[in-house]
$ cat my_file.txt   # compact mmCIF, C-alpha atoms
# COMPACT_ATOMS: atom_id res chain seq x y z
CA MET W 160 0.00 0.00 0.00
CA LYS W 161 1.27 3.46 -0.90
CA PHE W 162 -0.18 6.76 0.34
CA TYR W 163 -0.17 9.95 -1.74
CA ILE W 164 -2.64 12.00 0.31
CA ARG W 165 -3.55 11.51 3.93
CA PRO W 166 -6.92 9.70 3.94
CA GLU W 167 -9.80 11.03 6.03
CA PRO W 168 -12.47 9.01 7.83
CA CYS W 169 -15.20 7.70 5.53
CA CYS W 170 -18.51 5.92 5.92
CA VAL W 171 -19.03 4.67 2.34
CA LEU W 172 -16.78 2.44 0.23
CA SER W 173 -17.72 2.49 -3.45
CA PHE W 174 -16.23 -0.01 -5.86
CA ASP W 175 -15.70 -0.19 -9.55
CA LEU W 176 -16.78 -3.69 -10.64
CA ASP W 177 -15.05 -4.85 -13.86
CA ASP W 178 -11.34 -5.60 -13.31
CA THR W 179 -11.57 -4.42 -9.69
CA LEU W 180 -13.67 -7.13 -8.05
CA TYR W 181 -12.98 -9.74 -10.76
CA ASP W 182 -11.12 -10.23 -14.03
CA ASN W 183 -13.56 -9.04 -16.69
CA ARG W 184 -11.47 -9.91 -19.75
CA PRO W 185 -12.38 -13.62 -20.04
CA VAL W 186 -16.02 -12.77 -19.36
CA ILE W 187 -16.20 -10.34 -22.28
CA ARG W 188 -14.31 -12.75 -24.54
CA ALA W 189 -16.76 -15.55 -23.74
CA ALA W 190 -19.78 -13.29 -24.27
CA THR W 191 -18.40 -12.04 -27.59
CA VAL W 192 -17.73 -15.58 -28.80
CA ALA W 193 -21.24 -16.65 -27.79
CA LEU W 194 -22.76 -13.71 -29.67
CA THR W 195 -20.65 -14.40 -32.76
CA ASN W 196 -21.69 -18.06 -32.74
CA HIS W 197 -25.33 -17.06 -32.36
CA LEU W 198 -25.16 -14.65 -35.30
CA CYS W 199 -23.28 -17.12 -37.50
CA SER W 200 -25.87 -19.81 -36.78
CA ARG W 201 -28.62 -17.55 -38.12
CA PHE W 202 -27.10 -15.28 -40.77
CA ALA W 203 -24.80 -16.15 -43.65
CA ALA W 204 -23.55 -12.56 -43.75
CA ALA W 205 -22.23 -12.86 -40.18
CA HIS W 206 -19.55 -15.31 -41.39
CA GLU W 207 -18.06 -12.55 -43.53
CA TRP W 208 -17.77 -9.97 -40.76
CA GLN W 209 -14.48 -9.61 -38.90
CA ASP W 210 -13.60 -7.55 -35.83
CA GLU W 211 -12.74 -4.53 -37.96
CA ASP W 212 -16.21 -4.63 -39.57
CA TRP W 213 -17.91 -4.51 -36.18
CA LEU W 214 -15.62 -1.68 -35.07
CA ALA W 215 -16.39 0.28 -38.22
CA CYS W 216 -20.10 -0.26 -37.64
CA LYS W 217 -19.75 0.94 -34.05
CA ARG W 218 -17.90 4.07 -35.17
CA LEU W 219 -20.74 4.92 -37.56
CA VAL W 220 -23.31 4.42 -34.82
CA LEU W 221 -21.44 6.64 -32.36
CA ARG W 222 -20.91 9.28 -35.02
CA SER W 223 -24.67 9.58 -35.50
CA GLN W 224 -25.60 8.95 -31.85
CA PRO W 225 -22.68 10.15 -29.67
CA GLU W 226 -24.80 9.88 -26.51
CA LEU W 227 -24.56 6.07 -26.83
CA LEU W 228 -20.93 6.32 -25.74
CA HIS W 229 -22.41 6.46 -22.24
CA ASP W 230 -24.78 3.49 -22.63
CA THR W 231 -23.00 0.20 -23.36
CA THR W 232 -26.16 -1.86 -23.75
CA ALA W 233 -27.99 0.60 -25.99
CA CYS W 234 -24.85 1.04 -28.10
CA ARG W 235 -24.51 -2.70 -28.72
CA GLU W 236 -28.19 -2.91 -29.61
CA ALA W 237 -27.80 -0.03 -32.07
CA VAL W 238 -24.74 -1.67 -33.66
CA LEU W 239 -26.62 -4.96 -34.11
CA THR W 240 -29.59 -3.09 -35.56
CA ARG W 241 -27.38 -1.30 -38.09
CA ALA W 242 -25.59 -4.52 -39.06
CA LEU W 243 -28.76 -6.56 -39.52
CA THR W 244 -30.39 -3.74 -41.44
CA GLY W 245 -27.45 -3.86 -43.82
CA TRP W 246 -27.96 -7.60 -44.11
CA GLY W 247 -31.49 -7.02 -45.38
CA PHE W 248 -33.69 -7.28 -42.29
CA SER W 249 -36.38 -4.80 -41.32
CA GLY W 250 -39.57 -4.36 -39.35
CA GLU W 251 -40.70 -6.94 -36.82
CA GLN W 252 -38.19 -9.54 -37.99
CA LEU W 253 -35.34 -7.10 -37.40
CA ARG W 254 -36.63 -6.28 -33.93
CA LYS W 255 -36.93 -9.94 -32.93
CA GLU W 256 -33.51 -10.90 -34.26
CA VAL W 257 -31.82 -8.01 -32.45
CA GLU W 258 -33.70 -8.87 -29.28
CA GLN W 259 -32.55 -12.52 -29.43
CA ALA W 260 -28.95 -11.51 -30.12
CA MET W 261 -28.99 -9.11 -27.18
CA GLU W 262 -30.45 -11.78 -24.89
CA CYS W 263 -27.59 -14.08 -25.87
CA PHE W 264 -24.91 -11.50 -25.11
CA VAL W 265 -26.49 -10.23 -21.89
CA HIS W 266 -26.80 -13.78 -20.56
CA HIS W 267 -23.12 -14.57 -21.11
CA ARG W 268 -22.03 -11.09 -19.98
CA SER W 269 -23.08 -11.93 -16.42
CA ASN W 270 -22.64 -15.71 -16.53
CA PHE W 271 -20.15 -15.98 -13.66
CA LYS W 272 -19.85 -15.49 -9.90
CA VAL W 273 -17.56 -13.21 -7.93
CA SER W 274 -15.03 -15.27 -5.98
CA ASP W 275 -15.77 -16.34 -2.42
CA ASP W 276 -12.65 -14.49 -1.22
CA VAL W 277 -13.89 -11.18 -2.60
CA LEU W 278 -17.40 -11.73 -1.24
CA ALA W 279 -15.92 -12.52 2.18
CA LEU W 280 -13.84 -9.34 2.03
CA LEU W 281 -16.90 -7.26 1.15
CA ALA W 282 -18.90 -8.90 3.94
CA LYS W 283 -16.18 -7.95 6.42
CA LEU W 284 -16.12 -4.35 5.20
CA ASP W 285 -19.93 -4.26 5.26
CA GLU W 286 -19.77 -4.59 9.04
CA LYS W 287 -18.47 -1.01 9.32
CA TYR W 288 -19.21 0.74 6.02
CA MET W 289 -21.99 1.23 3.52
CA LEU W 290 -20.90 -0.38 0.26
CA ALA W 291 -21.85 0.70 -3.27
CA GLY W 292 -20.90 -0.10 -6.86
CA ILE W 293 -20.09 2.52 -9.51
CA THR W 294 -19.41 0.87 -12.87
CA ASN W 295 -19.11 1.95 -16.49
CA GLY W 296 -20.14 -1.56 -17.53
CA ASN W 297 -23.49 -3.34 -17.74
CA VAL W 298 -22.90 -6.45 -15.64
CA ASP W 299 -25.86 -7.71 -13.59
CA ALA W 300 -24.63 -7.28 -10.01
CA ALA W 301 -27.34 -9.53 -8.61
CA ARG W 302 -26.52 -12.44 -10.93
CA ILE W 303 -22.83 -12.38 -10.07
CA GLY W 304 -23.48 -12.40 -6.32
CA LEU W 305 -22.86 -8.79 -5.28
CA THR W 306 -26.25 -8.03 -3.80
CA PRO W 307 -27.24 -7.42 -1.06
CA LEU W 308 -23.63 -6.60 -0.06
CA LEU W 309 -23.67 -3.53 -2.30
CA ARG W 310 -26.51 -1.30 -1.17
CA LYS W 311 -26.52 0.59 -4.45
CA VAL W 312 -25.07 -0.19 -7.89
CA VAL W 313 -25.16 2.54 -10.53
CA HIS W 314 -24.60 2.21 -14.27
CA PRO W 315 -24.34 4.83 -17.04
CA GLY W 316 -27.04 5.37 -19.63
CA LYS W 317 -30.34 7.23 -19.99
CA GLY W 318 -28.64 10.57 -19.53
CA ILE W 319 -26.18 9.34 -16.86
CA ARG W 320 -22.61 9.68 -18.14
CA LYS W 321 -19.71 7.30 -17.63
CA LYS W 322 -16.86 7.90 -15.23
CA PRO W 323 -14.80 10.08 -15.02
CA PHE W 324 -17.89 12.32 -15.27
CA ALA W 325 -19.38 12.94 -11.85
CA ASP W 326 -22.93 11.74 -12.62
CA MET W 327 -22.77 8.30 -11.00
CA PHE W 328 -20.75 9.50 -8.01
CA ARG W 329 -23.43 12.15 -7.39
CA GLN W 330 -26.14 9.50 -7.59
CA VAL W 331 -24.49 7.58 -4.76
CA ILE W 332 -23.88 10.78 -2.78
CA ASP W 333 -27.54 11.80 -3.08
CA GLU W 334 -29.09 8.40 -2.47
CA LEU W 335 -26.92 7.49 0.51
CA GLY W 336 -27.10 11.00 1.91
CA VAL W 337 -23.39 11.52 2.51
CA ALA W 338 -20.83 14.19 1.73
CA PRO W 339 -18.43 13.45 -1.18
CA ALA W 340 -15.43 13.40 1.17
CA ASN W 341 -17.09 10.62 3.18
CA ILE W 342 -16.80 8.25 0.20
CA LEU W 343 -13.66 6.26 -0.59
CA HIS W 344 -13.91 5.00 -4.17
CA VAL W 345 -11.86 1.95 -5.12
CA GLY W 346 -11.09 1.18 -8.77
CA ASP W 347 -8.43 0.02 -11.20
CA SER W 348 -8.67 2.82 -13.77
CA TRP W 349 -6.48 5.87 -13.26
CA GLN W 350 -8.68 7.89 -15.60
CA SER W 351 -12.20 6.66 -14.88
CA ASP W 352 -11.95 5.84 -11.18
CA VAL W 353 -9.23 8.04 -9.72
CA GLN W 354 -9.98 11.18 -11.75
CA GLY W 355 -13.73 10.66 -11.53
CA ALA W 356 -13.67 10.31 -7.75
CA ARG W 357 -11.26 13.19 -7.14
CA ARG W 358 -13.10 15.60 -9.44
CA THR W 359 -16.30 14.87 -7.51
CA GLY W 360 -14.65 15.50 -4.15
CA CYS W 361 -14.50 11.85 -3.12
CA GLN W 362 -11.43 10.06 -1.82
CA ALA W 363 -9.79 7.59 -4.22
CA ALA W 364 -7.98 4.28 -3.82
CA TRP W 365 -6.26 3.11 -7.00
CA LEU W 366 -6.06 -0.68 -7.39
CA ASN W 367 -2.82 -1.29 -9.26
CA PRO W 368 -2.55 -3.81 -10.78
CA ALA W 369 -6.09 -4.47 -11.91
CA VAL W 370 -7.35 -8.01 -11.33
CA GLY W 371 -5.57 -10.35 -13.74
CA ALA W 372 -3.33 -7.58 -15.11
CA ARG W 373 0.14 -6.14 -14.59
CA PRO W 374 0.95 -2.91 -12.73
CA THR W 375 0.69 0.31 -14.71
CA GLN W 376 2.19 3.78 -14.31
CA PRO W 377 0.21 6.73 -12.96
CA GLY W 378 -1.29 9.01 -15.57
CA SER W 379 -1.85 12.74 -15.56
CA GLY W 380 -4.29 14.54 -13.34
CA CYS W 381 -5.15 14.24 -9.66
CA LEU W 382 -3.34 11.77 -7.41
CA PRO W 383 -5.32 9.12 -5.55
CA HIS W 384 -5.25 9.12 -1.78
CA MET W 385 -3.67 5.68 -1.87
CA GLU W 386 -2.52 2.90 -4.18
CA LEU W 387 -3.46 -0.70 -3.39
CA ARG W 388 -1.74 -3.81 -4.69
CA ASP W 389 -4.63 -6.01 -3.57
CA LEU W 390 -8.15 -5.39 -2.30
CA SER W 391 -7.31 -7.21 0.93
CA GLU W 392 -5.18 -4.21 1.92
CA LEU W 393 -8.42 -2.35 2.62
CA LEU W 394 -8.69 -4.38 5.82
CA GLU W 395 -5.48 -2.77 7.07
CA LEU W 396 -7.22 0.61 7.00

$ encode --input "my_file.txt" --output "structure tokens"
Amino acid sequence: MKFYIRPEPCCVLSFDLDDTLYDNRPVIRAATVALTNHLCSRFAAAHEWQDEDWLACKRLVLRSQPELLHDTTACREAVLTRALTGWGFSGEQLRKEVEQAMECFVHHRSNFKVSDDVLALLAKLDEKYMLAGITNGNVDAARIGLTPLLRKVVHPGKGIRKKPFADMFRQVIDELGVAPANILHVGDSWQSDVQGARRTGCQAAWLNPAVGARPTQPGSGCLPHMELRDLSELLEL
């Protein structure tokens, strides 16, 4: 553990989810493979599309609907809609096919459980602190075992912007009725988590390395209050 700024007492611990409480990389890979297999089983055109085609389609969607940058689920749905429209589908058939493809991805996106060690750590912290989740992703916190340990989990979308914007931090502040400085936010991203928390007036704990990753160097901007090598170091505080 390394301290950059003297931490103050807090009553809320908020956590990023992906790559902070679990390794999200294999989860996304598995969900992407499942979606690809689903599409290839139904559409001949899907066999011709490579990663760069999907990325190009996503860029076109975001160019016309930049607000979808802050809504992962709606963005994926819009990309699928654009792709299938180009493949010749429309109307009710298009709607149903996109719906089935989204159901496939969403199922596999949250088809795992947070480890018992992490759940035990959260349960121990829950004895003294209110716990919350602040994530840029769209994982189902209930399915992966994080409720009721996390009293509140907030996601971007529907006008709520991703971290490092302050929107989700302010949601937690308002709903839990605490001052920003009474929240210690824990996350692996220097930009999203550290800068987002500090700009909102919250304290920040930078998890470095992220789960399943190697250590990284600090970026520009505000320093975190502390740097953690492992979540278990929170118990030392």

$ closest_atom_pairs --input "my_file.txt" --of "range 200-294 of chain W" --to "range 345-359 of chain W" --cutoff "10 Å" --atoms "only C-alpha atoms" --output "JSON lines"
{"residue": "W:Gly292", "atom": "CA", "partner": "W:Val345", "partner_atom": "CA", "distance": 9.4}
{"residue": "W:Ile293", "atom": "CA", "partner": "W:Asp352", "partner_atom": "CA", "distance": 8.9}
{"residue": "W:Thr294", "atom": "CA", "partner": "W:Asp352", "partner_atom": "CA", "distance": 9.1}

$ write_last_selection --input "my_file.txt" --atoms "C-alpha atoms" --output "mmCIF file, keeping the file's coordinate frame"
data_model
loop_
_atom_site.group_PDB
_atom_site.id
_atom_site.type_symbol
_atom_site.label_atom_id
_atom_site.label_comp_id
_atom_site.auth_asym_id
_atom_site.auth_seq_id
_atom_site.Cartn_x
_atom_site.Cartn_y
_atom_site.Cartn_z
ATOM 1 C CA GLY W 292 -20.900 -0.100 -6.860
ATOM 2 C CA ILE W 293 -20.090 2.520 -9.510
ATOM 3 C CA THR W 294 -19.410 0.870 -12.870
#

$ axis_aligned_box --input "my_file.txt" --around "range 193-202 of chain W" --padding-each-side "8 Å" --output "lines of an AutoDock Vina configuration file"
center_x = -24.6
center_y = -16.8
center_z = -34.3
size_x = 24.0
size_y = 22.1
size_z = 29.0

$ atom_distance --input "my_file.txt" --atom1 "CA of Leu243 in chain W" --atom2 "CA of Ala189 in chain W"
21.8 Å

$ atom_distance --input "my_file.txt" --atom1 "CA of Leu281 in chain W" --atom2 "CA of Leu382 in chain W"
24.9 Å

$ closest_atom_pairs --input "my_file.txt" --of "range 173-276 of chain W" --to "range 311-335 of chain W" --cutoff "9 Å" --atoms "all atoms listed in the file" --output "Markdown table"
| residue | atom | partner | partner_atom | distance |
| --- | --- | --- | --- | --- |
| W:Ser173 | CA | W:Val331 | CA | 8.6 |
| W:Glu226 | CA | W:Gly318 | CA | 8.0 |
| W:Leu227 | CA | W:Gly316 | CA | 7.6 |
| W:Leu228 | CA | W:Lys321 | CA | 8.3 |
| W:His229 | CA | W:Arg320 | CA | 5.2 |
| W:Asp230 | CA | W:Gly316 | CA | 4.2 |
| W:Thr231 | CA | W:Gly316 | CA | 7.5 |
| W:Thr232 | CA | W:Gly316 | CA | 8.4 |
| W:Ala233 | CA | W:Gly316 | CA | 8.0 |

$ closest_residue --input "my_file.txt" --among "W:Cys263, W:Ala204, W:Val171, W:Ile342" --to "Thr244 in chain W" --atoms "only C-alpha atoms"
W:Ala204

$ residues_around --input "my_file.txt" --residues "Leu393 in chain W" --least-positions-apart "4" --cutoff "12 Å" --atoms "only C-alpha atoms" --output "ChimeraX atom specification"
/W:160-161,172,174,277,280-281,283-285,288,343-345,364-366,385-389
